[in-house]
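Next comes target06.cif, a file with mmCIF, C-alpha atoms.
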data_structure
#
loop_
_atom_site.group_PDB
_atom_site.id
_atom_site.type_symbol
_atom_site.label_atom_id
_atom_site.label_comp_id
_atom_site.auth_asym_id
_atom_site.auth_seq_id
_atom_site.Cartn_x
_atom_site.Cartn_y
_atom_site.Cartn_z
ATOM 1 C CA MET A 1 -96.033 -149.363 -0.769
ATOM 2 C CA ARG A 2 -93.254 -147.538 -2.589
ATOM 3 C CA PRO A 3 -89.793 -148.669 -1.413
ATOM 4 C CA ASP A 4 -87.319 -146.037 -0.247
ATOM 5 C CA ALA A 5 -84.155 -148.132 -0.309
ATOM 6 C CA GLY A 6 -83.173 -151.756 -0.205
ATOM 7 C CA LEU A 7 -81.643 -154.769 -1.887
ATOM 8 C CA LEU A 8 -83.838 -157.010 -4.046
ATOM 9 C CA LEU A 9 -82.866 -160.546 -5.077
ATOM 10 C CA VAL A 10 -84.099 -161.065 -8.642
ATOM 11 C CA ASP A 11 -84.325 -164.268 -10.699
ATOM 12 C CA LYS A 12 -83.457 -163.220 -14.262
ATOM 13 C CA PRO A 13 -85.108 -165.181 -17.085
ATOM 14 C CA ALA A 14 -83.288 -166.107 -20.293
ATOM 15 C CA GLY A 15 -83.491 -163.674 -23.206
ATOM 16 C CA ALA A 16 -83.491 -160.428 -21.229
ATOM 17 C CA THR A 17 -80.473 -158.246 -20.636
ATOM 18 C CA SER A 18 -79.622 -157.133 -17.123
ATOM 19 C CA HIS A 19 -80.473 -153.586 -18.222
ATOM 20 C CA ASP A 20 -83.918 -154.768 -19.376
ATOM 21 C CA ILE A 21 -84.571 -156.194 -15.917
ATOM 22 C CA MET A 22 -83.606 -152.910 -14.214
ATOM 23 C CA LEU A 23 -86.072 -151.011 -16.440
ATOM 24 C CA ARG A 24 -88.828 -153.456 -15.537
ATOM 25 C CA LEU A 25 -88.046 -153.070 -11.833
ATOM 26 C CA ARG A 26 -88.183 -149.278 -12.036
ATOM 27 C CA ARG A 27 -91.654 -149.481 -13.513
ATOM 28 C CA ALA A 28 -92.849 -152.191 -11.119
ATOM 29 C CA LEU A 29 -91.556 -150.448 -7.996
ATOM 30 C CA GLY A 30 -92.290 -146.888 -9.065
ATOM 31 C CA VAL A 31 -88.753 -145.678 -8.364
ATOM 32 C CA ARG A 32 -86.183 -144.000 -10.599
ATOM 33 C CA ARG A 33 -82.988 -145.307 -9.041
ATOM 34 C CA VAL A 34 -82.421 -149.042 -9.523
ATOM 35 C CA GLY A 35 -79.061 -150.598 -10.371
ATOM 36 C CA HIS A 36 -77.428 -154.010 -10.288
ATOM 37 C CA THR A 37 -74.154 -155.260 -8.842
ATOM 38 C CA GLY A 38 -73.078 -157.444 -11.793
ATOM 39 C CA THR A 39 -74.522 -158.334 -15.195
ATOM 40 C CA LEU A 40 -75.667 -161.622 -16.645
ATOM 41 C CA ASP A 41 -75.524 -162.316 -20.385
ATOM 42 C CA PRO A 42 -78.934 -162.406 -22.110
ATOM 43 C CA PHE A 43 -78.841 -166.205 -22.579
ATOM 44 C CA ALA A 44 -77.978 -166.719 -18.895
ATOM 45 C CA THR A 45 -80.449 -167.040 -16.037
ATOM 46 C CA GLY A 46 -80.316 -166.709 -12.285
ATOM 47 C CA LEU A 47 -79.520 -164.273 -9.545
ATOM 48 C CA LEU A 48 -79.234 -160.533 -10.047
ATOM 49 C CA LEU A 49 -78.809 -158.236 -7.061
ATOM 50 C CA ALA A 50 -80.804 -155.060 -7.603
ATOM 51 C CA LEU A 51 -80.072 -152.027 -5.440
ATOM 52 C CA VAL A 52 -83.073 -149.749 -5.035
ATOM 53 C CA GLY A 53 -83.163 -146.043 -4.197
ATOM 54 C CA ALA A 54 -80.411 -144.753 -1.926
ATOM 55 C CA PHE A 55 -78.954 -148.265 -1.656
ATOM 56 C CA THR A 56 -77.519 -147.840 -5.177
ATOM 57 C CA ARG A 57 -74.711 -146.077 -3.313
ATOM 58 C CA LEU A 58 -73.696 -149.436 -1.804
ATOM 59 C CA ALA A 59 -72.715 -151.019 -5.137
ATOM 60 C CA ASP A 60 -68.968 -150.855 -4.477
ATOM 61 C CA PHE A 61 -69.306 -153.057 -1.385
ATOM 62 C CA PHE A 62 -70.645 -155.986 -3.424
ATOM 63 C CA HIS A 63 -67.759 -156.308 -5.883
ATOM 64 C CA ALA A 64 -65.699 -158.691 -3.749
ATOM 65 C CA LEU A 65 -68.463 -161.248 -3.251
ATOM 66 C CA PRO A 66 -67.814 -164.672 -4.821
ATOM 67 C CA LYS A 67 -70.366 -165.985 -7.304
ATOM 68 C CA SER A 68 -71.807 -169.492 -7.740
ATOM 69 C CA TYR A 69 -73.035 -171.024 -10.987
ATOM 70 C CA GLU A 70 -74.432 -174.133 -12.571
ATOM 71 C CA ALA A 71 -73.368 -174.465 -16.193
ATOM 72 C CA THR A 72 -73.068 -176.718 -19.218
ATOM 73 C CA LEU A 73 -70.327 -176.753 -21.829
ATOM 74 C CA GLU A 74 -70.096 -178.620 -25.081
ATOM 75 C CA LEU A 75 -66.779 -180.016 -26.264
ATOM 76 C CA GLY A 76 -65.672 -180.026 -29.879
ATOM 77 C CA ARG A 77 -66.389 -176.447 -30.953
ATOM 78 C CA GLU A 78 -65.076 -173.005 -30.038
ATOM 79 C CA THR A 79 -66.982 -169.820 -30.787
ATOM 80 C CA ASP A 80 -65.893 -166.196 -30.964
ATOM 81 C CA THR A 81 -68.011 -165.375 -27.883
ATOM 82 C CA ASP A 82 -67.041 -168.563 -25.997
ATOM 83 C CA ASP A 83 -70.742 -169.439 -25.733
ATOM 84 C CA LEU A 84 -73.647 -170.698 -27.832
ATOM 85 C CA THR A 85 -74.501 -167.234 -29.185
ATOM 86 C CA GLY A 86 -71.267 -166.934 -31.147
ATOM 87 C CA VAL A 87 -69.905 -167.907 -34.532
ATOM 88 C CA THR A 88 -67.851 -171.096 -34.798
ATOM 89 C CA VAL A 89 -64.119 -170.406 -35.031
ATOM 90 C CA SER A 90 -62.819 -173.989 -34.773
ATOM 91 C CA GLU A 91 -64.077 -177.559 -34.522
ATOM 92 C CA SER A 92 -62.393 -180.793 -33.455
ATOM 93 C CA PRO A 93 -63.422 -184.435 -33.147
ATOM 94 C CA ALA A 94 -60.894 -184.872 -30.307
ATOM 95 C CA TRP A 95 -63.708 -184.843 -27.743
ATOM 96 C CA ARG A 96 -64.375 -188.471 -28.736
ATOM 97 C CA ASP A 97 -61.074 -189.397 -27.075
ATOM 98 C CA CYS A 98 -62.187 -187.878 -23.752
ATOM 99 C CA ASP A 99 -63.876 -189.663 -20.892
ATOM 100 C CA GLY A 100 -65.254 -188.705 -17.507
ATOM 101 C CA GLU A 101 -61.945 -189.198 -15.742
ATOM 102 C CA ARG A 102 -60.061 -186.854 -18.085
ATOM 103 C CA VAL A 103 -62.808 -184.252 -17.897
ATOM 104 C CA ARG A 104 -62.890 -184.269 -14.095
ATOM 105 C CA ALA A 105 -59.108 -184.070 -13.939
ATOM 106 C CA ALA A 106 -59.130 -181.009 -16.199
ATOM 107 C CA PHE A 107 -61.571 -179.224 -13.895
ATOM 108 C CA ALA A 108 -59.711 -180.285 -10.748
ATOM 109 C CA ALA A 109 -56.448 -178.916 -12.147
ATOM 110 C CA ARG A 110 -57.909 -175.414 -12.284
ATOM 111 C CA VAL A 111 -59.179 -175.200 -8.692
ATOM 112 C CA GLY A 112 -57.464 -172.444 -6.750
ATOM 113 C CA LYS A 113 -55.739 -169.274 -7.907
ATOM 114 C CA GLY A 114 -55.028 -168.896 -11.573
ATOM 115 C CA ARG A 115 -54.952 -166.446 -14.465
ATOM 116 C CA GLN A 116 -57.670 -166.033 -17.049
ATOM 117 C CA VAL A 117 -57.881 -164.105 -20.313
ATOM 118 C CA PRO A 118 -61.418 -162.671 -20.447
ATOM 119 C CA SER A 119 -63.660 -163.441 -23.376
ATOM 120 C CA VAL A 120 -63.219 -161.071 -26.303
ATOM 121 C CA TYR A 121 -66.932 -160.274 -26.026
ATOM 122 C CA SER A 122 -66.625 -159.011 -22.453
ATOM 123 C CA ALA A 123 -67.143 -155.690 -20.702
ATOM 124 C CA ARG A 124 -63.419 -155.171 -20.089
ATOM 125 C CA HIS A 125 -62.067 -151.800 -21.131
ATOM 126 C CA VAL A 126 -59.456 -151.637 -23.876
ATOM 127 C CA GLY A 127 -58.170 -148.178 -24.755
ATOM 128 C CA GLY A 128 -61.237 -146.560 -23.260
ATOM 129 C CA GLU A 129 -63.751 -148.811 -25.041
ATOM 130 C CA ARG A 130 -65.585 -151.958 -24.046
ATOM 131 C CA ALA A 131 -64.037 -155.084 -25.527
ATOM 132 C CA TYR A 132 -67.392 -156.235 -26.891
ATOM 133 C CA ASP A 133 -67.837 -152.964 -28.810
ATOM 134 C CA LEU A 134 -64.464 -153.484 -30.493
ATOM 135 C CA ALA A 135 -65.279 -157.134 -31.240
ATOM 136 C CA ARG A 136 -68.615 -156.216 -32.822
ATOM 137 C CA ARG A 137 -66.734 -153.895 -35.196
ATOM 138 C CA GLY A 138 -64.525 -156.779 -36.275
ATOM 139 C CA ASP A 139 -61.502 -155.993 -34.097
ATOM 140 C CA ARG A 140 -59.862 -158.607 -31.877
ATOM 141 C CA PRO A 141 -58.826 -156.691 -28.753
ATOM 142 C CA ALA A 142 -55.824 -158.068 -26.913
ATOM 143 C CA LEU A 143 -56.978 -158.641 -23.350
ATOM 144 C CA GLU A 144 -54.531 -159.198 -20.528
ATOM 145 C CA ALA A 145 -54.832 -162.224 -18.275
ATOM 146 C CA ARG A 146 -56.185 -161.431 -14.819
ATOM 147 C CA GLU A 147 -55.809 -163.290 -11.555
ATOM 148 C CA VAL A 148 -58.948 -165.201 -10.619
ATOM 149 C CA VAL A 149 -59.839 -167.772 -7.990
ATOM 150 C CA PHE A 150 -61.820 -170.947 -8.622
ATOM 151 C CA HIS A 151 -63.049 -171.777 -5.120
ATOM 152 C CA GLU A 152 -64.970 -174.831 -6.349
ATOM 153 C CA LEU A 153 -65.244 -176.656 -9.668
ATOM 154 C CA THR A 154 -67.366 -179.792 -9.534
ATOM 155 C CA VAL A 155 -68.384 -181.864 -12.552
ATOM 156 C CA THR A 156 -71.960 -183.036 -11.980
ATOM 157 C CA GLU A 157 -72.621 -184.924 -15.231
ATOM 158 C CA VAL A 158 -70.611 -186.111 -18.214
ATOM 159 C CA ASP A 159 -72.680 -186.893 -21.304
ATOM 160 C CA LEU A 160 -70.124 -186.253 -24.015
ATOM 161 C CA PRO A 161 -69.779 -183.929 -25.731
ATOM 162 C CA ARG A 162 -71.754 -182.126 -22.989
ATOM 163 C CA VAL A 163 -70.434 -181.575 -19.477
ATOM 164 C CA ARG A 164 -72.437 -180.111 -16.617
ATOM 165 C CA PHE A 165 -70.613 -178.511 -13.697
ATOM 166 C CA ARG A 166 -70.860 -176.246 -10.661
ATOM 167 C CA ALA A 167 -68.494 -173.365 -10.118
ATOM 168 C CA ARG A 168 -67.870 -170.965 -7.252
ATOM 169 C CA VAL A 169 -65.511 -168.239 -8.409
ATOM 170 C CA SER A 170 -64.074 -164.867 -7.490
ATOM 171 C CA THR A 171 -65.529 -161.696 -8.886
ATOM 172 C CA GLY A 172 -64.335 -160.864 -12.397
ATOM 173 C CA THR A 173 -64.223 -164.507 -13.474
ATOM 174 C CA TYR A 174 -65.877 -165.444 -16.774
ATOM 175 C CA VAL A 175 -67.470 -168.887 -16.766
ATOM 176 C CA ARG A 176 -67.584 -168.928 -20.585
ATOM 177 C CA ALA A 177 -63.848 -168.274 -20.621
ATOM 178 C CA LEU A 178 -63.478 -171.194 -18.220
ATOM 179 C CA ALA A 179 -65.409 -173.406 -20.672
ATOM 180 C CA ARG A 180 -63.106 -172.272 -23.473
ATOM 181 C CA ASP A 181 -59.994 -173.016 -21.417
ATOM 182 C CA ILE A 182 -61.221 -176.452 -20.264
ATOM 183 C CA GLY A 183 -61.821 -177.311 -23.918
ATOM 184 C CA ARG A 184 -58.279 -176.271 -24.790
ATOM 185 C CA ASP A 185 -56.878 -178.214 -21.834
ATOM 186 C CA LEU A 186 -58.557 -181.306 -23.284
ATOM 187 C CA GLY A 187 -57.374 -180.515 -26.812
ATOM 188 C CA ALA A 188 -60.950 -180.519 -28.067
ATOM 189 C CA GLY A 189 -62.198 -176.945 -27.831
ATOM 190 C CA ALA A 190 -65.441 -176.052 -26.051
ATOM 191 C CA HIS A 191 -68.104 -173.393 -25.621
ATOM 192 C CA LEU A 192 -70.654 -172.655 -22.918
ATOM 193 C CA THR A 193 -74.243 -173.679 -23.699
ATOM 194 C CA ALA A 194 -76.082 -172.910 -20.451
ATOM 195 C CA LEU A 195 -75.416 -170.748 -17.403
ATOM 196 C CA CYS A 196 -77.402 -170.125 -14.223
ATOM 197 C CA ARG A 197 -76.080 -167.974 -11.389
ATOM 198 C CA THR A 198 -77.183 -169.704 -8.200
ATOM 199 C CA GLY A 199 -75.661 -167.412 -5.601
ATOM 200 C CA ILE A 200 -73.713 -164.236 -4.904
ATOM 201 C CA GLY A 201 -71.894 -164.303 -1.572
ATOM 202 C CA PRO A 202 -74.515 -164.997 1.117
ATOM 203 C CA PHE A 203 -77.471 -164.434 -1.237
ATOM 204 C CA PRO A 204 -79.081 -167.589 -2.737
ATOM 205 C CA LEU A 205 -81.126 -167.822 -5.908
ATOM 206 C CA ALA A 206 -83.704 -169.794 -3.906
ATOM 207 C CA GLU A 207 -84.801 -166.553 -2.179
ATOM 208 C CA ALA A 208 -85.044 -164.491 -5.378
ATOM 209 C CA VAL A 209 -88.240 -163.474 -7.152
ATOM 210 C CA GLY A 210 -89.017 -162.880 -10.809
ATOM 211 C CA PRO A 211 -89.189 -159.262 -12.024
ATOM 212 C CA GLU A 212 -92.991 -159.427 -12.151
ATOM 213 C CA GLU A 213 -93.059 -160.302 -8.417
ATOM 214 C CA ALA A 214 -90.900 -157.372 -7.320
ATOM 215 C CA ALA A 215 -93.675 -155.165 -5.972
ATOM 216 C CA ASN A 216 -95.210 -158.018 -3.996
ATOM 217 C CA ALA A 217 -91.804 -158.939 -2.543
ATOM 218 C CA VAL A 218 -91.556 -155.428 -1.105
ATOM 219 C CA THR A 219 -95.110 -155.118 0.241
ATOM 220 C CA ALA A 220 -95.107 -158.657 1.681
ATOM 221 C CA ALA A 221 -91.573 -158.302 3.088
ATOM 222 C CA LEU A 222 -90.442 -161.504 1.392
ATOM 223 C CA PRO A 223 -86.847 -162.743 1.967
ATOM 224 C CA ALA A 224 -85.963 -161.363 -1.474
ATOM 225 C CA TRP A 225 -86.340 -157.811 -0.124
ATOM 226 C CA ARG A 226 -83.586 -156.569 2.217
ATOM 227 C CA PRO A 227 -84.313 -152.963 3.224
ATOM 228 C CA GLY A 228 -81.928 -152.662 6.175
ATOM 229 C CA PRO A 229 -78.570 -153.954 7.418
ATOM 230 C CA GLY A 230 -79.497 -157.393 6.035
ATOM 231 C CA ALA A 231 -78.345 -156.041 2.682
ATOM 232 C CA LEU A 232 -74.767 -156.166 4.003
ATOM 233 C CA PRO A 233 -74.602 -159.368 6.082
ATOM 234 C CA TRP A 234 -70.812 -159.734 5.675
ATOM 235 C CA VAL A 235 -70.130 -156.291 7.210
ATOM 236 C CA VAL A 236 -69.541 -155.849 10.942
ATOM 237 C CA GLN A 237 -72.071 -153.673 12.757
ATOM 238 C CA ARG A 238 -72.059 -150.976 15.404
ATOM 239 C CA ARG A 239 -75.404 -150.262 17.081
ATOM 240 C CA LEU A 240 -76.170 -146.600 17.732
ATOM 241 C CA SER A 241 -77.938 -144.883 20.586
ATOM 242 C CA GLY A 242 -80.585 -142.307 19.733
ATOM 243 C CA ARG A 243 -78.155 -139.440 20.312
ATOM 244 C CA GLU A 244 -75.452 -141.125 18.240
ATOM 245 C CA GLU A 245 -77.907 -141.732 15.391
ATOM 246 C CA ALA A 246 -78.782 -138.031 15.260
ATOM 247 C CA GLY A 247 -75.091 -137.157 15.127
ATOM 248 C CA VAL A 248 -74.295 -139.682 12.408
ATOM 249 C CA ARG A 249 -77.150 -138.366 10.269
ATOM 250 C CA ASN A 250 -75.401 -135.006 10.438
ATOM 251 C CA GLY A 251 -72.091 -136.542 9.384
ATOM 252 C CA ARG A 252 -70.473 -136.704 12.818
ATOM 253 C CA PRO A 253 -68.246 -139.673 13.786
ATOM 254 C CA VAL A 254 -68.823 -141.979 16.754
ATOM 255 C CA GLU A 255 -66.477 -143.923 18.965
ATOM 256 C CA ARG A 256 -65.621 -147.376 17.649
ATOM 257 C CA GLY A 257 -67.241 -149.085 20.626
ATOM 258 C CA ASP A 258 -68.175 -152.764 20.489
ATOM 259 C CA LEU A 259 -68.556 -154.187 16.995
ATOM 260 C CA LEU A 260 -71.002 -157.003 16.361
ATOM 261 C CA PRO A 261 -69.769 -159.915 14.234
ATOM 262 C CA PRO A 262 -71.273 -160.227 10.756
ATOM 263 C CA LEU A 263 -74.030 -162.697 9.958
ATOM 264 C CA TRP A 264 -71.918 -164.024 7.065
ATOM 265 C CA PRO A 265 -68.237 -163.975 8.075
ATOM 266 C CA ASP A 266 -66.592 -165.245 4.875
ATOM 267 C CA LEU A 267 -65.304 -161.816 3.788
ATOM 268 C CA THR A 268 -64.598 -160.355 7.215
ATOM 269 C CA SER A 269 -61.097 -159.063 7.746
ATOM 270 C CA ALA A 270 -58.967 -160.611 10.490
ATOM 271 C CA GLU A 271 -59.129 -157.085 11.935
ATOM 272 C CA PRO A 272 -62.816 -156.150 11.593
ATOM 273 C CA GLU A 273 -62.183 -152.464 12.184
ATOM 274 C CA ALA A 274 -60.041 -152.407 9.003
ATOM 275 C CA GLY A 275 -63.126 -152.821 6.818
ATOM 276 C CA PRO A 276 -66.406 -150.942 6.497
ATOM 277 C CA VAL A 277 -68.724 -150.810 9.496
ATOM 278 C CA ALA A 278 -72.526 -150.685 9.237
ATOM 279 C CA LEU A 279 -73.973 -148.162 11.678
ATOM 280 C CA VAL A 280 -77.364 -149.512 12.702
ATOM 281 C CA ALA A 281 -80.341 -148.243 14.694
ATOM 282 C CA GLY A 282 -82.961 -150.940 15.236
ATOM 283 C CA ASP A 283 -83.706 -152.447 11.828
ATOM 284 C CA THR A 284 -82.402 -149.395 9.975
ATOM 285 C CA LEU A 285 -79.089 -148.978 8.195
ATOM 286 C CA VAL A 286 -78.165 -145.429 9.138
ATOM 287 C CA ALA A 287 -74.749 -145.264 7.485
ATOM 288 C CA VAL A 288 -71.660 -147.139 6.405
ATOM 289 C CA ALA A 289 -68.541 -145.886 8.117
ATOM 290 C CA GLU A 290 -64.779 -146.289 7.992
ATOM 291 C CA ALA A 291 -62.578 -146.540 11.074
ATOM 292 C CA ARG A 292 -59.811 -144.068 11.805
ATOM 293 C CA ASP A 293 -58.093 -143.601 15.145
ATOM 294 C CA ASP A 294 -60.685 -145.615 17.101
ATOM 295 C CA ARG A 295 -63.538 -143.574 15.642
ATOM 296 C CA LEU A 296 -66.068 -144.438 12.945
ATOM 297 C CA PHE A 297 -66.516 -141.792 10.273
ATOM 298 C CA PRO A 298 -69.705 -141.996 8.181
ATOM 299 C CA ARG A 299 -68.915 -142.451 4.475
ATOM 300 C CA LYS A 300 -72.451 -143.043 3.203
ATOM 301 C CA VAL A 301 -75.424 -141.786 5.207
ATOM 302 C CA PHE A 302 -78.963 -142.859 4.308
ATOM 303 C CA PRO A 303 -82.165 -140.838 4.738
ATOM 304 C CA ALA A 304 -84.323 -141.547 7.764
#
Can you dump the structure from the file as C-alpha cells?
Amino acid sequence: MRPDAGLLLVDKPAGATSHDIMLRLRRALGVRRVGHTGTLDPFATGLLLALVGAFTRLADFFHALPKSYEATLELGRETDTDDLTGVTVSESPAWRDCDGERVRAAFAARVGKGRQVPSVYSARHVGGERAYDLARRGDRPALEAREVVFHELTVTEVDLPRVRFRARVSTGTYVRALARDIGRDLGAGAHLTALCRTGIGPFPLAEAVGPEEAANAVTAALPAWRPGPGALPWVVQRRLSGREEAGVRNGRPVERGDLLPPLWPDLTSAEPEAGPVALVAGDTLVAVAEARDDRLFPRKVFPA
C-alpha cells in the first residue's frame, strides 16, 4: 500500500540527521514528498513528525506545538556547540560546590517566560546565512535573544557533575542552550550530553515507529500513521455534507455552521473561529479553511 498523504510519528535513532531519516522514509514508503516539522541534532534521539505526500502542505500548522524532552547535562565544561559534539571553550571546578538543592533551584528559576540566546551552532539566520554555516567557517555570529517559554523543567536525577531533567518548552527553544545557561547560572559552565524528544504537542514518542517500520505502520494502520484529521487534533472541525464536500474540493466556501471541539484543546483559541478549521468528510481531511464573515474559505484542499 502506497500512502497518499498523512502524518507519520518516527523514532529517530542517534547518529542520523533528520534529513537522513526523510530520505529513508521516501525509499521505504515509495513517495517523493516527505518532510519534517522540526529537526533533531544527529546525536539526539526521539520523536520526528514526518509529513507525507500532500500533507507536507500542513507544516506551518505544527510550528506552535510545544515540545517535550528528556535530557542530561554535565557541569564543569562549556563547548562551542553547547553539547558533547563541540570543542571545549572553558572548564571550571566550581561544580564541586553545587548540590541537588542549588541545581533544582536553578532550573525552577527559569520556569515560565524568558529570553534565550540560541546556540551559535543553530539554524537561525544571520545576514541571510545559517548561524551554523558561519560558525563552521570560524565566525562567531551575534545572535539576538528570543522570547521562549519553559512550561516545565523538572530535575529527575542529580549525580554530579551530571544532571538529568525533563523539559517541556515552546517552539524555537534550544535545550542545549538551556544547559549552557543553567551552567552559567551555577557559575560552573555546562554542556548537553544526551537529548531525547519525548513528545510534540499531542503526539507521544510511545506511538512512534523506527524508520525501518514505516511501511508496516502505514499498511497496518498503526497509531504512528495519521492519514486524516487525526493529524491535526488541536484544530477545530467542521463536518461537511456530500454537496458541501464537492464544493470545497472546487475551492468554494461553506457556512461556518457548528464547529466540533478539538481532540487536544491546549492550543485552541478562546474564539475557535479565529484559528484554522479542518473541513472533514467521514475520516477524510478535505481541506483546512480560514473563517471570514461567518464563512469558511478553503486555504489548503487535499486530493480525494
Would you translate the PyMOL selection byres ((chain A and resi 237) around 10) into the concrete set of residues it matches in this file, as a list in words?
Pro229, Leu232, Pro233, Trp234, Val235, Val236, Arg238, Arg239, Leu240, Asp258, Leu259, Leu260, Pro261, Pro262, Leu263, Pro272, Glu273, Pro276, Val277, Ala278, Leu279, Val280, Leu285, Val288 and Ala289 of chain A
Write the selection just made, keeping C-alpha atoms, as a PDB file, in the frame of the given file?
ATOM      1  CA  PRO A 229     -78.570-153.954   7.418  1.00  0.00           C
ATOM      2  CA  LEU A 232     -74.767-156.166   4.003  1.00  0.00           C
ATOM      3  CA  PRO A 233     -74.602-159.368   6.082  1.00  0.00           C
ATOM      4  CA  TRP A 234     -70.812-159.734   5.675  1.00  0.00           C
ATOM      5  CA  VAL A 235     -70.130-156.291   7.210  1.00  0.00           C
ATOM      6  CA  VAL A 236     -69.541-155.849  10.942  1.00  0.00           C
ATOM      7  CA  ARG A 238     -72.059-150.976  15.404  1.00  0.00           C
ATOM      8  CA  ARG A 239     -75.404-150.262  17.081  1.00  0.00           C
ATOM      9  CA  LEU A 240     -76.170-146.600  17.732  1.00  0.00           C
ATOM     10  CA  ASP A 258     -68.175-152.764  20.489  1.00  0.00           C
ATOM     11  CA  LEU A 259     -68.556-154.187  16.995  1.00  0.00           C
ATOM     12  CA  LEU A 260     -71.002-157.003  16.361  1.00  0.00           C
ATOM     13  CA  PRO A 261     -69.769-159.915  14.234  1.00  0.00           C
ATOM     14  CA  PRO A 262     -71.273-160.227  10.756  1.00  0.00           C
ATOM     15  CA  LEU A 263     -74.030-162.697   9.958  1.00  0.00           C
ATOM     16  CA  PRO A 272     -62.816-156.150  11.593  1.00  0.00           C
ATOM     17  CA  GLU A 273     -62.183-152.464  12.184  1.00  0.00           C
ATOM     18  CA  PRO A 276     -66.406-150.942   6.497  1.00  0.00           C
ATOM     19  CA  VAL A 277     -68.724-150.810   9.496  1.00  0.00           C
ATOM     20  CA  ALA A 278     -72.526-150.685   9.237  1.00  0.00           C
ATOM     21  CA  LEU A 279     -73.973-148.162  11.678  1.00  0.00           C
ATOM     22  CA  VAL A 280     -77.364-149.512  12.702  1.00  0.00           C
ATOM     23  CA  LEU A 285     -79.089-148.978   8.195  1.00  0.00           C
ATOM     24  CA  VAL A 288     -71.660-147.139   6.405  1.00  0.00           C
ATOM     25  CA  ALA A 289     -68.541-145.886   8.117  1.00  0.00           C
TER      26      ALA A 289
END
Let me know the residues the PyMOL selection byres ((chain A and resi 24) around 12) catches in the file above, as a VMD selection string.
chain A and resid 10 12 16 to 23 25 to 35 50 210 to 215
Please compute the CA of His191 in chain A-CA of Arg77 in chain A distance, one decimal, in Å.
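Atom-to-atom, CA of His191 in chain A and CA of Arg77 in chain A are spaced 6.4 Å apart.
For the pair CA of Phe302 in chain A and CA of Ala54 in chain A, the separation is 6.7 Å.
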Decode the PyMOL selection byres ((chain A and resi 251) around 10) for the given file into explicit residues and return them as a ChimeraX atom specification.
/A:245-250,252-254,287,297-301
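The two atoms in question, CA of Thr156 in chain A and CA of Arg104 in chain A, are spaced 9.4 Å apart.
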Which neighbours of Arg184 in chain A fall inside 12 Å, counting all atoms listed in the file, when residues of the same chain fewer than 2 positions from it are skipped, and could you give them as a VMD selection string?
chain A and resid 75 to 78 82 90 to 92 94 to 95 103 106 to 107 177 to 182 186 to 191
Residue neighbourhood Val149 in chain A, 8 Å, all atoms listed in the file, exclusion window fewer than 3 positions, as a ChimeraX atom specification:
/A:111-114,169-170,173
To test the calculation: enclose all listed atoms of range 3-6 of chain A in a box whose edges run along x, y and z, add 5 Å on each side, then state centre and edge lengths in Å to one decimal, as JSON.
{"center_x": -86.5, "center_y": -148.9, "center_z": -0.8, "size_x": 16.6, "size_y": 15.7, "size_z": 11.2}
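With all atoms listed in the file as the atoms that count, the residue of A:Asp99, A:Asp83, A:Glu152, A:Asp293 with the shortest distance to Leu192 in chain A is A:Asp83.
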Set the distance at 9 Å and use all atoms listed in the file: which residues neighbour Leu160 in chain A once local chain neighbours fewer than 2 positions away are removed? I'd like the list as a short mmCIF file (atom, residue, chain, number, x, y, z; two decimals) with C-alpha atoms, keeping the file's coordinate frame.
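Generated output (selection.cif):
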data_model
loop_
_atom_site.label_atom_id
_atom_site.label_comp_id
_atom_site.auth_asym_id
_atom_site.auth_seq_id
_atom_site.Cartn_x
_atom_site.Cartn_y
_atom_site.Cartn_z
CA GLU A 74 -70.10 -178.62 -25.08
CA LEU A 75 -66.78 -180.02 -26.26
CA TRP A 95 -63.71 -184.84 -27.74
CA ARG A 96 -64.38 -188.47 -28.74
CA CYS A 98 -62.19 -187.88 -23.75
CA ASP A 99 -63.88 -189.66 -20.89
CA GLY A 100 -65.25 -188.70 -17.51
CA VAL A 158 -70.61 -186.11 -18.21
CA ARG A 162 -71.75 -182.13 -22.99
CA VAL A 163 -70.43 -181.58 -19.48
#
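In this comparison, which uses only C-alpha atoms, the residue of A:Thr39, A:Thr56, A:Thr45, A:Thr198 approaching Ala5 in chain A most closely is A:Thr56.
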Is it possible to get the residues within 12 Å of (-92.6, -157.4, 1.5) (coordinates as in the file, counting all atoms listed in the file) written as a list in words?
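The residues near that point, listed by chain and number, are Met1, Arg2, Pro3, Gly6, Leu7, Leu8, Leu29, Val209, Glu213, Ala214, Ala215, Asn216, Ala217, Val218, Thr219, Ala220, Ala221, Leu222, Pro223, Ala224, Trp225, Arg226 and Pro227 of chain A.
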